[in-house]
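Down below is the structure, laid out as structure tokens.
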Amino acid sequence: MRLWRLIRSAFDAGEIETSYGRATVKERYAALRHQVPIIYLLVVLNLSGLELATGGKLSPGLNFPTFVTACALVRIAQWYRARGDVSHSTMLRRLRQTCGVAAALSVAVSAWCIYVTAREPALLLPVTLFGGFTAIGAAYGLSFLPAAARIPLLVLALPLTVKGLLSNDVQYMGAALSLAVVALLILRLLSVHNSHFSDLVQSRSTVALQQELAESARQKATAAAMTDFLTGLPNRRAFVGAIETEIEKRRRGRGGFAVALLDLDRFKAVNDTFGHGSGDELLKTVAARLSRAAGDEAVVARLGGDEFGLLFPEITTAEEATAAGQRILAEVNRPAAANGRQFAVSVCCGFGLSNPERTTNPSRILADADLALYQAKGEAPGRVAVFDLTMEAPHRRRAQIERALQLPSFLENVRLVYQPILDLRTGALIAHEALARWHDDELGDVPPAEFVPLAEQLNVIGHLSEHLLSVAVAEAIRWPSSVRLAYNLSAVQLCSEGSAQAILAALCEARLPPQRFQAEVTETALLADFSQARANLAMLRDAGATIVLDDFGAGYASISYLREICFDQIKLDGGLVTAAQNSSDGERLLGAVIGLCLALGVSPVAEHIENEQQLKLLLRLGCTAGQGFGLQAPVSAKIARELCRTASVEAPDPPRGVRGSAA
């Protein structure tokens with residue numbers, strides 16, 4: 001029982017439950033499995049040799065070597081009977097059985113050897129020789145299992161050594177002493193071998209663990225790299241990979257697929273007004289709605305910001321794409337709650353359809369879907385558009401404009417024209433608004449609404465604005481002191497740190513007083529960076545410049561800026577004037593807006609006055625300044641100077657704003 005407890009303790013102390021222990025058991029089992037036939041062959045040969053030495057012949061009957069041979073065959077069959085993976089518990093059980101079998105055989109062989117030498121003392125030398133070989137060979141063969149390897153040395157070799165040393169024959173004593181030295185050496189080698197074996201297993205286990213951790217980290221990193229952290233949807237990289245997979249499938253077979261792009265209308269205003277927390281909640285809601293509407297077969301991804309992409313593997317026609325898009329918009333375009341507020345959700349959808357000849361890479365079909373989305377957004381809110389080749393013409397023109405904007409000769413083709421701003425009561429010239437005009441030999445006339453946004457995206461607007469401002473200021477210095485220069489500030493100019501100082505420096509260099517400079521800004525430009533825009537406008541106004549809010553009424557949140565920035569004038573969007581001429585409701589709205597401006601102490605200026613009827617209406621409603629083709633079309637610098645001589649009078653400065661703060 002003590003021997004069995006010793007055998008069990010050899011495994012229970014760390015080789016059962018821990019990962020290192022389980023790895024050790026596995027390695028011992030695998031190594032011992034290859035050694036078992038050799039060990040039993042060694043035992044059978046030595047015992048057979050001992051039988052021959054003691055009996056004079058190898059009896060085929062039921063003698064001890066025959067019995068051991070039968071046991072060996074049974075054990076070998078047990079070891080090799082199981083194929084494939086062996087459970088940890090099975091390996092542990094067989095290792096323990098090996099210790100038990102080693103103990104039983106060692107005891108049996110030892111008893112047989114002692115019996116033989118007791119019966120025939122003259123046979124002590126061959127018994128010691130063959131018994132010692134058996135013990136040493138078995139011990140070395142069992143070296144991967146130290147608990148079993150020590151048993152033959154202690155149970156078989158030790159009794160033979162003691163018996164030899166106790167004999168009176170010097171020959172026997174010498175053999176016993178040699179056996180003892182070899183047994184001790186084997187015990188030492190077993191200890192060293194086990195230490196090296198444990199180190200090797202530990203090293204392999206550590207390497208395997210590190211590889212497992214590295215693989216787990218790689219999988220997590222891959223998942224993170226392919227997943228949008230906010231919505232949990234696939235990101236742009238994963239989406240592009242899915243498109244590549246579909247393209248490869250279509251190369252090997254027939255059929256097609258569709259890609260849809262959509263984004264949220266006015267999403268930036270949600271972030272700017274209510275914070276990114278509300279924006280994030282809104283994006284999560286839209287992502288969930290898209291996933292429900294698209295179905296299980298589609299891939300839904302967040303591509304960045306408020307842009308989403310959808311991949312439909314089974315859609316091949318424009319009709320199917322349109323139906324799918326309408327189904328998606330019906331699900332998405334509903335009010336959504338975020339952080340206790342209700343938001344109107346509005347998206348448009350653009351589809352690109354795969355084509356064996358055209359769709360050779362993901363960028364091509366994404367570009368098609370993007371053009372379709374641009375088309376849908378230009379038509380009306382909540383529209384679905386499917387790409388066709390006619391949509392490429394605007395895209396090609398855009399690319400041509402972008403290339404032309406980056407040519408050194410671009411500034412040479414841009415000029416300024418000037419549109420008068422008049423006192424509607426007297427016709428006196430109040431200011432000239434500088435307007436950029438670009439004519440290109442290849443593109444023809446390119447309006448500012450077309451090239452200014454692209455110049456901002458290409459980061460060339462700063463150089464363009466600096467050039468145009470210097471030209472305008474140099475021209476304005478030639479006008480009478482009563483005429484101001486009205487100049488539209490781009491979003492980059494308005495929201496860049498130091499731009500106010502640069503403008504004032506340009507005025508100073510041209511010797512144009514800041515009181516003759518009128519800075520006009522739009523609501524869209526203010527949205528880019530409101531804090532920086534407010535600081536720049538405050539600096540210009542403190543220097544004496546007139547600050548004008550342009551296109552009031554064209555946006556949806558302009559009134560909020562009247563509380564934050566002290567404007568001197570407000571330009572009424574031309575749409576208000578046109579609507580007032582055509583309907584009584586429009587007239588009441590225009591009158592209310594003019595009344596608001598006057599109540600705030602801010603001078604209203606009407607835009608796009610086209611006829612005498614509109615002029616009379618504006619005067620009746622209290623608006624006394626304006627511009628438009630009905631008064632005077634934009635003119636060249638030369639004609640603008642002539643108008644200054646013939647139409648200018650000493651017009652009073654506009655009233656300064658009394659509401660809000662520029663700080």
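In the structure tokens, chains take the letters A, B, ... in the order shown, each chain's residues start at 1, and ligands count up from 1 in the order shown.
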Could you pull the residues within 10 Å of range 467-483 of chain A, counting only C-alpha atoms, minus those fewer than 6 positions along the same chain, as a PyMOL selection string? chain A and resi 411+414-418+420-421+428-436+461+489+503+506-513+515-517+637-638+640-645+648-653
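Assigned to strand (DSSP E or B) in range 405-441 of chain A, given DSSP computed from backbone atoms, are Val414, Arg415, Leu416, Val417, Tyr418, Gln419, Pro420, Ile421, Leu422, Asp423, Leu429, Ile430, Ala431, His432, Glu433, Ala434, Leu435, Ala436, Arg437, Trp438, His439 and Asp440 of chain A.
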Could those residues be written to a file, using C-alpha atoms, as an mmCIF file, in the first residue's frame?
```cif
data_model
loop_
_atom_site.group_PDB
_atom_site.id
_atom_site.type_symbol
_atom_site.label_atom_id
_atom_site.label_comp_id
_atom_site.auth_asym_id
_atom_site.auth_seq_id
_atom_site.Cartn_x
_atom_site.Cartn_y
_atom_site.Cartn_z
ATOM 1 C CA VAL A 414 -9.729 83.589 -61.700
ATOM 2 C CA ARG A 415 -10.973 87.177 -61.641
ATOM 3 C CA LEU A 416 -13.257 89.283 -59.490
ATOM 4 C CA VAL A 417 -16.489 90.987 -60.412
ATOM 5 C CA TYR A 418 -18.350 93.382 -58.167
ATOM 6 C CA GLN A 419 -22.077 93.548 -57.458
ATOM 7 C CA PRO A 420 -23.369 96.772 -55.883
ATOM 8 C CA ILE A 421 -25.301 96.801 -52.628
ATOM 9 C CA LEU A 422 -27.665 99.785 -52.772
ATOM 10 C CA ASP A 423 -29.844 101.836 -50.500
ATOM 11 C CA LEU A 429 -24.132 102.837 -53.363
ATOM 12 C CA ILE A 430 -23.349 101.313 -49.978
ATOM 13 C CA ALA A 431 -20.839 98.596 -50.928
ATOM 14 C CA HIS A 432 -19.510 96.420 -53.696
ATOM 15 C CA GLU A 433 -19.552 92.652 -53.066
ATOM 16 C CA ALA A 434 -16.491 90.968 -54.575
ATOM 17 C CA LEU A 435 -17.493 87.779 -56.409
ATOM 18 C CA ALA A 436 -15.037 85.245 -57.850
ATOM 19 C CA ARG A 437 -15.389 84.147 -61.462
ATOM 20 C CA TRP A 438 -13.377 81.397 -63.128
ATOM 21 C CA HIS A 439 -13.229 80.676 -66.829
ATOM 22 C CA ASP A 440 -11.192 77.703 -67.993
#
```
Near Asn361 in chain A, counting only C-alpha atoms, which residues have an atom at most 12 Å away, once you skip same-chain residues fewer than 5 positions from it, shown as a PyMOL selection string? chain A and resi 240-248+250-251+354-356+366-368
Mind dumping the selected residues with C-alpha atoms as a PDB file, in the first residue's frame?
```
ATOM      1  CA  VAL A 240     -13.947  45.835 -48.794  1.00  0.00           C
ATOM      2  CA  GLY A 241     -12.798  42.277 -48.048  1.00  0.00           C
ATOM      3  CA  ALA A 242     -16.366  41.004 -48.420  1.00  0.00           C
ATOM      4  CA  ILE A 243     -16.656  42.755 -51.795  1.00  0.00           C
ATOM      5  CA  GLU A 244     -13.356  41.203 -52.914  1.00  0.00           C
ATOM      6  CA  THR A 245     -14.717  37.780 -51.959  1.00  0.00           C
ATOM      7  CA  GLU A 246     -17.872  38.362 -54.005  1.00  0.00           C
ATOM      8  CA  ILE A 247     -15.844  39.528 -57.007  1.00  0.00           C
ATOM      9  CA  GLU A 248     -13.738  36.360 -56.815  1.00  0.00           C
ATOM     10  CA  ARG A 250     -18.260  35.874 -59.763  1.00  0.00           C
ATOM     11  CA  ARG A 251     -15.014  35.200 -61.618  1.00  0.00           C
ATOM     12  CA  SER A 354     -21.600  44.450 -60.294  1.00  0.00           C
ATOM     13  CA  ASN A 355     -20.572  44.039 -63.900  1.00  0.00           C
ATOM     14  CA  PRO A 356     -18.139  41.316 -65.078  1.00  0.00           C
ATOM     15  CA  LEU A 366     -17.886  51.648 -54.376  1.00  0.00           C
ATOM     16  CA  ALA A 367     -17.266  54.618 -56.655  1.00  0.00           C
ATOM     17  CA  ASP A 368     -20.405  53.715 -58.641  1.00  0.00           C
TER      18      ASP A 368
END
```
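Of the listed residues A:Pro448, A:Gly574, A:Ile114, A:Pro126, the one whose atoms come nearest to Ile401 in chain A is A:Pro448, with distances taken using only C-alpha atoms.
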Can you list, as an MDAnalysis selection string, every residue of range 200-430 of chain A that DSSP puts in helix (DSSP H, G or I)? chainID A and resid 200:225 236:252 267:274 276:294 318:332 362:379 389:405 411:413
Would you kindly return, as a compact mmCIF listing (two decimals) with C-alpha atoms, in the first residue's frame, each protein, DNA or RNA residue with an atom no farther than 7 Å from any atom of Leu311 in chain A, considering only C-alpha atoms and excluding same-chain residues fewer than 5 positions away?
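Saved as result-v6.txt:
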```txt
# COMPACT_ATOMS: atom_id res chain seq x y z
CA ALA A 258 -25.01 44.93 -55.43
CA VAL A 259 -23.38 47.43 -53.09
CA ALA A 260 -25.31 50.25 -51.43
CA ALA A 298 -26.60 41.02 -46.62
CA VAL A 299 -23.42 42.42 -45.11
CA VAL A 300 -24.00 45.69 -43.24
```
Can you pull out every residue within 10 Å of Phe267 in chain A, counting only C-alpha atoms, but drop anything in the same chain fewer than 2 positions away, and send it as number ranges by chain? A: 263-265, 269-272, 279, 282-283, 305-306, 345-347
For the residues in the current selection, export C-alpha atoms as a PDB file, in the first residue's frame.
```pdb
ATOM      1  CA  ASP A 263     -25.319  58.425 -44.932  1.00  0.00           C
ATOM      2  CA  LEU A 264     -27.351  60.540 -42.541  1.00  0.00           C
ATOM      3  CA  ASP A 265     -28.538  63.992 -43.524  1.00  0.00           C
ATOM      4  CA  ALA A 269     -25.392  69.369 -36.709  1.00  0.00           C
ATOM      5  CA  VAL A 270     -26.540  66.722 -34.199  1.00  0.00           C
ATOM      6  CA  ASN A 271     -22.982  66.273 -32.932  1.00  0.00           C
ATOM      7  CA  ASP A 272     -22.314  70.015 -32.824  1.00  0.00           C
ATOM      8  CA  GLY A 279     -24.692  61.315 -32.220  1.00  0.00           C
ATOM      9  CA  LEU A 282     -28.245  57.814 -33.162  1.00  0.00           C
ATOM     10  CA  LEU A 283     -25.631  55.860 -35.134  1.00  0.00           C
ATOM     11  CA  GLY A 305     -18.586  58.787 -39.579  1.00  0.00           C
ATOM     12  CA  ASP A 306     -22.247  58.598 -40.560  1.00  0.00           C
ATOM     13  CA  VAL A 345     -33.644  60.464 -39.209  1.00  0.00           C
ATOM     14  CA  SER A 346     -33.228  60.958 -42.946  1.00  0.00           C
ATOM     15  CA  VAL A 347     -30.956  59.028 -45.294  1.00  0.00           C
TER      16      VAL A 347
END
```
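All residues of protein, DNA or RNA that reach within 10 Å of Leu443 in chain A, judged by only C-alpha atoms and not counting those fewer than 6 positions away in the chain, are Arg397, Gln400, Ile401 and Ala404 of chain A.
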I'd like the neighbourhood of Gln457 in chain A as a ChimeraX atom specification, where a residue qualifies if any of its atoms comes within 12 Å (using only C-alpha atoms), though same-chain residues fewer than 2 positions away should be ignored. /A:402,405-406,450-455,459-462,490-492
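One distance worth recording is that between CA of Thr360 in chain A and CA of Arg383 in chain A, which is 27.7 Å.
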